[in-house]
file data.pdb (PDB, C-alpha atoms)
MODEL        1
ATOM      1  CA  MET Q   1      -7.127 -21.362 -11.588
ATOM      2  CA  ILE Q   2      -5.650 -19.356  -8.712
ATOM      3  CA  PRO Q   3      -7.122 -20.303  -5.328
ATOM      4  CA  SER Q   4      -8.916 -17.368  -3.745
ATOM      5  CA  GLU Q   5      -7.218 -18.091  -0.432
ATOM      6  CA  HIS Q   6      -3.840 -17.231  -1.952
ATOM      7  CA  ILE Q   7      -5.220 -13.909  -3.189
ATOM      8  CA  LEU Q   8      -6.495 -13.177   0.317
ATOM      9  CA  LEU Q   9      -3.089 -14.128   1.700
ATOM     10  CA  LEU Q  10      -1.394 -11.676  -0.667
ATOM     11  CA  ALA Q  11      -3.871  -8.970   0.369
ATOM     12  CA  GLY Q  12      -3.195  -9.627   4.050
ATOM     13  CA  LEU Q  13       0.552  -9.489   3.459
ATOM     14  CA  LEU Q  14       0.317  -6.189   1.591
ATOM     15  CA  PHE Q  15      -1.955  -4.709   4.262
ATOM     16  CA  SER Q  16       0.418  -5.744   7.058
ATOM     17  CA  ILE Q  17       3.394  -4.192   5.276
ATOM     18  CA  GLY Q  18       1.392  -1.001   4.748
ATOM     19  CA  ALA Q  19       0.273  -0.866   8.372
ATOM     20  CA  LEU Q  20       3.861  -1.422   9.504
ATOM     21  CA  GLY Q  21       5.065   1.454   7.350
ATOM     22  CA  PHE Q  22       2.243   3.674   8.584
ATOM     23  CA  LEU Q  23       3.171   3.040  12.198
ATOM     24  CA  LEU Q  24       6.955   2.976  11.965
ATOM     25  CA  ARG Q  25       7.963   5.587   9.420
ATOM     26  CA  ARG Q  26       8.295   9.271  10.262
ATOM     27  CA  ASN Q  27       8.319  10.708   6.750
ATOM     28  CA  LEU Q  28       4.884  12.078   5.779
ATOM     29  CA  ILE Q  29       5.194  11.071   2.116
ATOM     30  CA  ILE Q  30       6.059   7.481   3.006
ATOM     31  CA  VAL Q  31       3.206   7.378   5.531
ATOM     32  CA  LEU Q  32       0.783   8.434   2.766
ATOM     33  CA  ALA Q  33       2.288   5.818   0.436
ATOM     34  CA  SER Q  34       1.708   3.177   3.123
ATOM     35  CA  ILE Q  35      -1.957   4.225   3.330
ATOM     36  CA  GLU Q  36      -2.279   3.751  -0.431
ATOM     37  CA  LEU Q  37      -0.739   0.302  -0.041
ATOM     38  CA  MET Q  38      -3.347  -0.634   2.582
ATOM     39  CA  LEU Q  39      -6.209   0.639   0.396
ATOM     40  CA  ASN Q  40      -4.872  -1.468  -2.467
ATOM     41  CA  ALA Q  41      -4.866  -4.535  -0.230
ATOM     42  CA  ALA Q  42      -8.492  -3.825   0.705
ATOM     43  CA  ASN Q  43      -9.361  -3.603  -3.002
ATOM     44  CA  LEU Q  44      -7.723  -6.947  -3.638
ATOM     45  CA  THR Q  45      -9.821  -8.416  -0.820
ATOM     46  CA  PHE Q  46     -13.032  -7.043  -2.375
ATOM     47  CA  LEU Q  47     -12.154  -8.609  -5.708
ATOM     48  CA  ALA Q  48     -11.240 -11.942  -4.129
ATOM     49  CA  GLY Q  49     -14.568 -11.890  -2.272
ATOM     50  CA  SER Q  50     -16.347 -11.156  -5.540
ATOM     51  CA  ARG Q  51     -14.770 -14.289  -6.996
ATOM     52  CA  MET Q  52     -15.594 -16.443  -3.966
ATOM     53  CA  HIS Q  53     -19.259 -15.421  -3.768
ATOM     54  CA  GLY Q  54     -19.966 -15.276  -7.463
ATOM     55  CA  GLY Q  55     -23.400 -15.723  -8.921
ATOM     56  CA  PRO Q  56     -24.238 -17.636 -12.113
ATOM     57  CA  ALA Q  57     -21.829 -15.452 -14.069
ATOM     58  CA  GLY Q  58     -18.946 -16.539 -11.826
ATOM     59  CA  LEU Q  59     -18.398 -13.059 -10.427
ATOM     60  CA  ASN Q  60     -20.367 -11.064  -7.892
ATOM     61  CA  LEU Q  61     -20.459  -7.551  -9.316
ATOM     62  CA  ASP Q  62     -20.771  -5.811  -5.938
ATOM     63  CA  GLY Q  63     -17.046  -6.410  -5.314
ATOM     64  CA  PRO Q  64     -15.713  -4.502  -8.335
ATOM     65  CA  ILE Q  65     -18.187  -1.656  -7.650
ATOM     66  CA  PHE Q  66     -16.896  -1.310  -4.116
ATOM     67  CA  ALA Q  67     -13.308  -1.470  -5.350
ATOM     68  CA  LEU Q  68     -14.162   1.309  -7.808
ATOM     69  CA  PHE Q  69     -15.484   3.501  -4.997
ATOM     70  CA  VAL Q  70     -12.429   2.710  -2.856
ATOM     71  CA  ILE Q  71     -10.167   3.835  -5.709
ATOM     72  CA  LEU Q  72     -12.198   7.047  -5.982
ATOM     73  CA  VAL Q  73     -11.957   7.781  -2.269
ATOM     74  CA  ALA Q  74      -8.239   6.924  -2.358
ATOM     75  CA  ALA Q  75      -7.730   9.516  -5.084
ATOM     76  CA  CYS Q  76      -9.508  12.150  -2.970
ATOM     77  CA  GLU Q  77      -7.515  11.129   0.087
ATOM     78  CA  ALA Q  78      -4.217  11.367  -1.763
ATOM     79  CA  ALA Q  79      -5.082  14.831  -3.091
ATOM     80  CA  VAL Q  80      -6.092  16.181   0.331
ATOM     81  CA  GLY Q  81      -3.193  14.435   2.104
ATOM     82  CA  LEU Q  82      -0.583  15.795  -0.275
ATOM     83  CA  ALA Q  83      -2.075  19.296  -0.044
ATOM     84  CA  LEU Q  84      -1.737  18.972   3.717
ATOM     85  CA  VAL Q  85       1.890  17.882   3.276
ATOM     86  CA  ILE Q  86       2.570  21.016   1.223
ATOM     87  CA  ALA Q  87       0.868  23.226   3.833
ATOM     88  CA  PHE Q  88       2.842  21.477   6.586
ATOM     89  CA  TYR Q  89       6.118  21.919   4.720
ATOM     90  CA  ARG Q  90       5.434  25.647   4.309
ATOM     91  CA  GLN Q  91       5.117  25.997   8.067
ATOM     92  CA  LYS Q  92       7.906  23.712   9.274
ATOM     93  CA  GLN Q  93      10.292  23.407   6.282
ATOM     94  CA  THR Q  94      10.277  19.634   6.815
ATOM     95  CA  VAL Q  95       8.067  16.606   6.194
ATOM     96  CA  ASP Q  96       9.172  14.846   9.374
ATOM     97  CA  LEU Q  97       6.235  13.839  11.548
ATOM     98  CA  GLU Q  98       8.341  14.526  14.663
ATOM     99  CA  ALA Q  99       7.952  18.223  13.880
ATOM    100  CA  ALA Q 100       4.173  17.983  14.361
ATOM    101  CA  THR Q 101       4.144  17.937  18.142
ATOM    102  CA  GLU Q 102       2.422  21.217  18.908
ATOM    103  CA  LEU Q 103      -0.642  19.607  20.473
ATOM    104  CA  LYS Q 104       1.491  17.853  23.093
ATOM    105  CA  GLY Q 105       1.137  20.777  25.492
TER     106      GLY Q 105
ATOM    107  CA  MET Y   1       1.046 -20.683 -16.803
ATOM    108  CA  VAL Y   2      -1.552 -18.342 -15.307
ATOM    109  CA  SER Y   3      -0.882 -19.372 -11.735
ATOM    110  CA  LEU Y   4       2.882 -19.146 -12.306
ATOM    111  CA  LEU Y   5       2.408 -15.569 -13.520
ATOM    112  CA  PHE Y   6       0.233 -14.825 -10.504
ATOM    113  CA  TYR Y   7       2.795 -16.072  -7.994
ATOM    114  CA  ALA Y   8       5.619 -14.194  -9.724
ATOM    115  CA  LEU Y   9       3.556 -10.994  -9.714
ATOM    116  CA  ALA Y  10       2.572 -11.505  -6.094
ATOM    117  CA  ALA Y  11       6.242 -11.907  -5.128
ATOM    118  CA  VAL Y  12       7.198  -8.725  -6.982
ATOM    119  CA  ALA Y  13       4.251  -6.845  -5.445
ATOM    120  CA  VAL Y  14       5.313  -7.846  -1.938
ATOM    121  CA  ALA Y  15       8.958  -6.986  -2.673
ATOM    122  CA  CYS Y  16       7.883  -3.551  -3.939
ATOM    123  CA  ALA Y  17       5.687  -3.067  -0.865
ATOM    124  CA  ILE Y  18       8.651  -3.802   1.376
ATOM    125  CA  GLY Y  19      10.632  -1.339  -0.722
ATOM    126  CA  VAL Y  20       7.969   1.334  -0.099
ATOM    127  CA  VAL Y  21       8.278   0.910   3.642
ATOM    128  CA  ALA Y  22      12.026   0.343   3.862
ATOM    129  CA  SER Y  23      13.384   2.949   1.438
ATOM    130  CA  ARG Y  24      15.241   5.823   2.967
ATOM    131  CA  SER Y  25      14.414   8.400   0.323
ATOM    132  CA  PRO Y  26      10.780   9.276  -0.504
ATOM    133  CA  MET Y  27      11.572   9.105  -4.217
ATOM    134  CA  GLN Y  28      12.550   5.422  -4.070
ATOM    135  CA  SER Y  29       9.552   4.754  -1.883
ATOM    136  CA  VAL Y  30       7.133   6.308  -4.372
ATOM    137  CA  LEU Y  31       8.720   4.486  -7.330
ATOM    138  CA  ASN Y  32       8.376   1.192  -5.457
ATOM    139  CA  LEU Y  33       4.746   2.053  -4.840
ATOM    140  CA  LEU Y  34       4.327   2.421  -8.602
ATOM    141  CA  GLY Y  35       5.738  -1.080  -9.091
ATOM    142  CA  SER Y  36       3.313  -2.467  -6.554
ATOM    143  CA  PHE Y  37       0.357  -0.765  -8.282
ATOM    144  CA  VAL Y  38       1.310  -2.124 -11.698
ATOM    145  CA  CYS Y  39       1.743  -5.647 -10.300
ATOM    146  CA  LEU Y  40      -1.693  -5.471  -8.715
ATOM    147  CA  ALA Y  41      -3.210  -4.210 -11.972
ATOM    148  CA  VAL Y  42      -1.873  -7.255 -13.828
ATOM    149  CA  ILE Y  43      -3.183  -9.481 -11.029
ATOM    150  CA  TYR Y  44      -6.638  -7.908 -11.492
ATOM    151  CA  LEU Y  45      -6.344  -8.704 -15.192
ATOM    152  CA  LEU Y  46      -5.517 -12.320 -14.377
ATOM    153  CA  MET Y  47      -8.524 -12.484 -12.053
ATOM    154  CA  GLY Y  48     -10.807 -11.355 -14.876
ATOM    155  CA  PHE Y  49     -11.437  -7.751 -13.831
ATOM    156  CA  GLN Y  50     -10.311  -5.958 -16.973
ATOM    157  CA  PHE Y  51     -12.121  -2.734 -16.141
ATOM    158  CA  LEU Y  52     -10.656  -2.558 -12.636
ATOM    159  CA  ALA Y  53      -7.183  -3.205 -14.055
ATOM    160  CA  ALA Y  54      -7.612  -0.279 -16.440
ATOM    161  CA  VAL Y  55      -8.892   1.972 -13.646
ATOM    162  CA  GLN Y  56      -6.007   0.888 -11.423
ATOM    163  CA  ILE Y  57      -3.477   1.890 -14.078
ATOM    164  CA  LEU Y  58      -5.260   5.150 -14.954
ATOM    165  CA  VAL Y  59      -6.068   6.403 -11.463
ATOM    166  CA  TYR Y  60      -3.366   4.866  -9.281
ATOM    167  CA  ALA Y  61      -0.344   4.492 -11.533
ATOM    168  CA  GLY Y  62      -1.381   7.610 -13.440
ATOM    169  CA  ALA Y  63      -3.058  10.302 -11.397
ATOM    170  CA  ILE Y  64      -2.103   9.474  -7.807
ATOM    171  CA  MET Y  65       1.482   8.618  -8.727
ATOM    172  CA  VAL Y  66       1.864  11.935 -10.583
ATOM    173  CA  LEU Y  67       0.568  13.739  -7.485
ATOM    174  CA  PHE Y  68       3.091  11.947  -5.272
ATOM    175  CA  LEU Y  69       6.029  12.545  -7.603
ATOM    176  CA  PHE Y  70       4.960  16.169  -8.062
ATOM    177  CA  VAL Y  71       4.996  16.776  -4.315
ATOM    178  CA  VAL Y  72       8.307  14.951  -3.788
ATOM    179  CA  MET Y  73       9.956  17.015  -6.519
ATOM    180  CA  LEU Y  74       8.235  20.268  -5.504
ATOM    181  CA  LEU Y  75       9.489  19.978  -1.934
ATOM    182  CA  ASN Y  76      12.922  18.863  -3.189
ATOM    183  CA  LEU Y  77      13.004  15.912  -0.817
ATOM    184  CA  THR Y  78      15.482  13.994  -2.942
ATOM    185  CA  ASP Y  79      18.479  15.963  -1.664
ATOM    186  CA  LYS Y  80      19.314  13.730   1.245
ATOM    187  CA  ALA Y  81      21.100  10.914  -0.489
ATOM    188  CA  PRO Y  82      20.146   7.522   0.901
ATOM    189  CA  LYS Y  83      22.744   5.462   2.671
ATOM    190  CA  SER Y  84      23.571   2.710   0.239
ATOM    191  CA  SER Y  85      23.147  -0.673   1.823
ATOM    192  CA  LEU Y  86      22.766  -4.113   0.319
ATOM    193  CA  PHE Y  87      19.049  -4.134   1.052
ATOM    194  CA  LEU Y  88      18.352  -0.715  -0.435
ATOM    195  CA  GLY Y  89      20.518  -1.604  -3.402
ATOM    196  CA  LEU Y  90      17.771  -4.047  -4.357
ATOM    197  CA  PHE Y  91      15.576  -1.075  -5.287
ATOM    198  CA  SER Y  92      18.112   0.869  -7.335
ATOM    199  CA  PRO Y  93      17.194   2.306 -10.766
ATOM    200  CA  LYS Y  94      18.749  -0.684 -12.560
ATOM    201  CA  VAL Y  95      16.606  -3.157 -10.663
ATOM    202  CA  LEU Y  96      13.558  -0.957 -11.119
ATOM    203  CA  GLY Y  97      14.199  -0.910 -14.856
ATOM    204  CA  ALA Y  98      14.408  -4.689 -14.895
ATOM    205  CA  LEU Y  99      11.157  -4.832 -12.943
ATOM    206  CA  ALA Y 100       9.485  -2.495 -15.447
ATOM    207  CA  ALA Y 101      10.540  -4.812 -18.275
ATOM    208  CA  PHE Y 102       9.108  -7.715 -16.286
ATOM    209  CA  PHE Y 103       5.775  -5.912 -15.871
ATOM    210  CA  GLY Y 104       5.643  -5.242 -19.585
ATOM    211  CA  LEU Y 105       6.238  -8.906 -20.406
ATOM    212  CA  ALA Y 106       3.726  -9.982 -17.767
ATOM    213  CA  ALA Y 107       1.068  -7.635 -19.130
ATOM    214  CA  ALA Y 108       1.714  -8.857 -22.660
ATOM    215  CA  GLY Y 109       1.445 -12.453 -21.476
ATOM    216  CA  ALA Y 110      -1.747 -11.669 -19.589
ATOM    217  CA  LEU Y 111      -3.296 -10.059 -22.664
ATOM    218  CA  ALA Y 112      -2.214 -12.934 -24.897
ATOM    219  CA  ALA Y 113      -3.701 -15.432 -22.449
ATOM    220  CA  GLY Y 114      -6.698 -13.178 -21.870
ATOM    221  CA  SER Y 115      -9.334 -15.102 -23.744
ATOM    222  CA  GLU Y 116      -8.071 -18.400 -22.351
ATOM    223  CA  VAL Y 117      -8.074 -16.980 -18.815
ATOM    224  CA  ALA Y 118     -11.560 -15.524 -19.210
ATOM    225  CA  GLY Y 119     -12.871 -18.886 -20.288
ATOM    226  CA  GLU Y 120     -10.950 -20.733 -17.568
ATOM    227  CA  MET Y 121     -12.291 -18.512 -14.793
ATOM    228  CA  GLY Y 122     -15.847 -18.397 -16.090
ATOM    229  CA  VAL Y 123     -15.801 -14.637 -16.544
ATOM    230  CA  VAL Y 124     -17.791 -14.621 -19.737
ATOM    231  CA  PRO Y 125     -21.104 -16.466 -19.342
ATOM    232  CA  GLU Y 126     -22.973 -18.181 -22.172
ATOM    233  CA  GLY Y 127     -25.037 -15.063 -22.878
ATOM    234  CA  GLY Y 128     -21.838 -13.207 -23.752
ATOM    235  CA  LEU Y 129     -22.293 -10.636 -20.978
ATOM    236  CA  ASP Y 130     -19.012  -8.813 -20.484
ATOM    237  CA  PRO Y 131     -18.167  -7.914 -16.861
ATOM    238  CA  ILE Y 132     -17.777  -4.290 -17.938
ATOM    239  CA  VAL Y 133     -21.369  -4.255 -19.172
ATOM    240  CA  GLY Y 134     -22.453  -5.858 -15.918
ATOM    241  CA  ILE Y 135     -20.534  -3.322 -13.849
ATOM    242  CA  ALA Y 136     -22.104  -0.457 -15.793
ATOM    243  CA  GLU Y 137     -25.607  -1.882 -15.346
ATOM    244  CA  VAL Y 138     -25.183  -2.271 -11.585
ATOM    245  CA  LEU Y 139     -23.427   1.079 -11.191
ATOM    246  CA  PHE Y 140     -26.184   3.050 -12.902
ATOM    247  CA  SER Y 141     -29.114   1.307 -11.248
ATOM    248  CA  LYS Y 142     -28.432  -0.227  -7.829
ATOM    249  CA  TYR Y 143     -25.543   2.117  -6.981
ATOM    250  CA  MET Y 144     -26.874   5.296  -8.581
ATOM    251  CA  LEU Y 145     -27.020   7.254  -5.316
ATOM    252  CA  PRO Y 146     -23.431   6.437  -4.206
ATOM    253  CA  PHE Y 147     -22.311   7.310  -7.724
ATOM    254  CA  GLU Y 148     -23.854  10.775  -7.427
ATOM    255  CA  ALA Y 149     -22.485  11.155  -3.899
ATOM    256  CA  ALA Y 150     -19.037  10.329  -5.292
ATOM    257  CA  SER Y 151     -19.278  13.237  -7.702
ATOM    258  CA  LEU Y 152     -20.144  15.513  -4.782
ATOM    259  CA  LEU Y 153     -17.132  14.141  -2.874
ATOM    260  CA  LEU Y 154     -14.848  14.892  -5.814
ATOM    261  CA  LEU Y 155     -16.162  18.465  -6.015
ATOM    262  CA  ALA Y 156     -15.698  18.985  -2.270
ATOM    263  CA  THR Y 157     -12.166  17.558  -2.491
ATOM    264  CA  MET Y 158     -11.291  19.881  -5.336
ATOM    265  CA  VAL Y 159     -12.446  22.965  -3.436
ATOM    266  CA  GLY Y 160     -10.798  21.783  -0.205
ATOM    267  CA  VAL Y 161      -7.443  21.083  -1.850
ATOM    268  CA  MET Y 162      -7.430  24.485  -3.537
ATOM    269  CA  LEU Y 163      -8.112  26.139  -0.188
ATOM    270  CA  LEU Y 164      -5.400  24.092   1.544
ATOM    271  CA  ALA Y 165      -2.667  24.613  -1.004
ATOM    272  CA  LYS Y 166      -3.444  28.280  -1.646
ATOM    273  CA  ARG Y 167      -0.803  30.747  -0.554
ATOM    274  CA  GLU Y 168      -2.224  33.505   1.633
ATOM    275  CA  ARG Y 169      -1.545  36.799  -0.058
ATOM    276  CA  SER Y 170      -2.587  38.966   2.868
ATOM    277  CA  ASP Y 171       0.471  37.818   4.859
ATOM    278  CA  THR Y 172       3.660  39.823   5.060
ATOM    279  CA  ASP Y 173       5.488  37.400   2.772
ATOM    280  CA  GLY Y 174       2.676  37.479   0.257
ATOM    281  CA  GLY Y 175       4.922  38.584  -2.573
ATOM    282  CA  GLN Y 176       7.067  35.467  -2.372
ATOM    283  CA  ALA Y 177       5.104  33.556  -4.986
TER     284      ALA Y 177
ENDMDL
END
call {"tool": "encode", "arguments": {"input": "data.pdb", "output": "structure tokens"}}
result
Amino acid sequence: MIPSEHILLLAGLLFSIGALGFLLRRNLIIVLASIELMLNAANLTFLAGSRMHGGPAGLNLDGPIFALFVILVAACEAAVGLALVIAFYRQKQTVDLEAATELKG
Amino acid sequence: MVSLLFYALAAVAVACAIGVVASRSPMQSVLNLLGSFVCLAVIYLLMGFQFLAAVQILVYAGAIMVLFLFVVMLLNLTDKAPKSSLFLGLFSPKVLGALAAFFGLAAAGALAAGSEVAGEMGVVPEGGLDPIVGIAEVLFSKYMLPFEAASLLLLATMVGVMLLAKRERSDTDGGQA
């Protein structure tokens, strides 16, 4: 039996790494990958919570349902984000975030 | 045995996550992301969420990963060769291949131990209700409205992505396609 606290610890670790990548990296593709990493950590937290607050069956089914919806939204986000990357690349010929500074004034 | 597998998978998942953030080339980053997804899928399996593990593999390691790889290859971002350092060498193709073999063994072990794990974690109650059946029952009764809203979201995403990625033909360089 894996303690739920260790699962939460893993989720926190993955989320921190993802947040770090999101804030520090300047490549758009890697930034999007970091977002996916954070969403995965959130999913893991939902599933751990489902185990910790289980009903008579041992599992609370609201957790997996929420994880399912998170996966769905993540798929939509990845599709829109990557389409934006392609549109950005067509304009700037690069995927470097430093090139997106037109709103600076 | 189960907890040993969990800790090994957790270590690999964290190592792959660090690889995602630390890789110099987007290609290595995306392949590390794939490793992380697969590790998490096997962890879901160990936790007793078979359906979520399948969805994780299908949607994340399948669809989203294909999208990422497609964009990386379409934009030809792999040209800039990464500076080879000891740290980045950890995520070279050889190591990734070894990791893939490890995932395969882990998944096989998880499946072999599946019934034992399910019993150990109390996934299957006395009535024999499978969690997949439970998920379906909740999804199509309590969460019917979000389910329908999700289909609307998918439709809106599809239209939006087509609009975003479409090449404008009225421009002067319209014949480039």
call {"tool": "interface_residues", "arguments": {"input": "data.pdb", "of": "chain Q", "to": "chain Y", "cutoff": "7 Å", "atoms": "only C-alpha atoms", "output": "VMD selection string"}}
result
chain Q and resid 1 to 2 10 14 17 21 29 to 30 33 to 34 57 to 59 61 64 to 65 75 to 76 78 to 80 82 to 84 86 to 87
call {"tool": "resolve_selection", "arguments": {"input": "data.pdb", "expression": "the PyMOL selection byres ((chain Q and resi 41-54) around 6)", "output": "ChimeraX atom specification"}}
result
/Q:4,8,11,14-15,38-40,55,58-60,63,67
call {"tool": "axis_aligned_box", "arguments": {"input": "data.pdb", "around": "region 143-153 of chain Y", "padding_each_side": "4 Å", "output": "lines of an AutoDock Vina configuration file"}}
result
center_x = -22.1
center_y = 8.8
center_z = -5.7
size_x = 17.9
size_y = 21.4
size_z = 13.7
call {"tool": "atom_distance", "arguments": {"input": "data.pdb", "atom1": "CA of Leu68 (chain Q)", "atom2": "CA of Gly104 (chain Y)"}}
result
24.0 Å
call {"tool": "atom_distance", "arguments": {"input": "data.pdb", "atom1": "CA of Phe103 (chain Y)", "atom2": "CA of Leu5 (chain Y)"}}
result
10.5 Å
call {"tool": "atom_distance", "arguments": {"input": "data.pdb", "atom1": "CA of Gly35 (chain Y)", "atom2": "CA of Val12 (chain Y)"}}
result
8.1 Å
call {"tool": "closest_residue", "arguments": {"input": "data.pdb", "among": "Q:Leu20, Q:Ile7, Q:Arg90, Q:Glu102", "to": "Glu168 (chain Y)", "atoms": "all atoms listed in the file"}}
result
Q:Arg90
call {"tool": "closest_residue", "arguments": {"input": "data.pdb", "among": "Q:Leu9, Q:Val95, Q:Ala19, Q:Val31", "to": "Asn76 (chain Y)", "atoms": "all atoms listed in the file"}}
result
Q:Val95
call {"tool": "closest_residue", "arguments": {"input": "data.pdb", "among": "Q:Leu32, Q:Leu97, Q:Leu103, Q:Leu37", "to": "Gly81 (chain Q)", "atoms": "all atoms listed in the file"}}
result
Q:Leu32
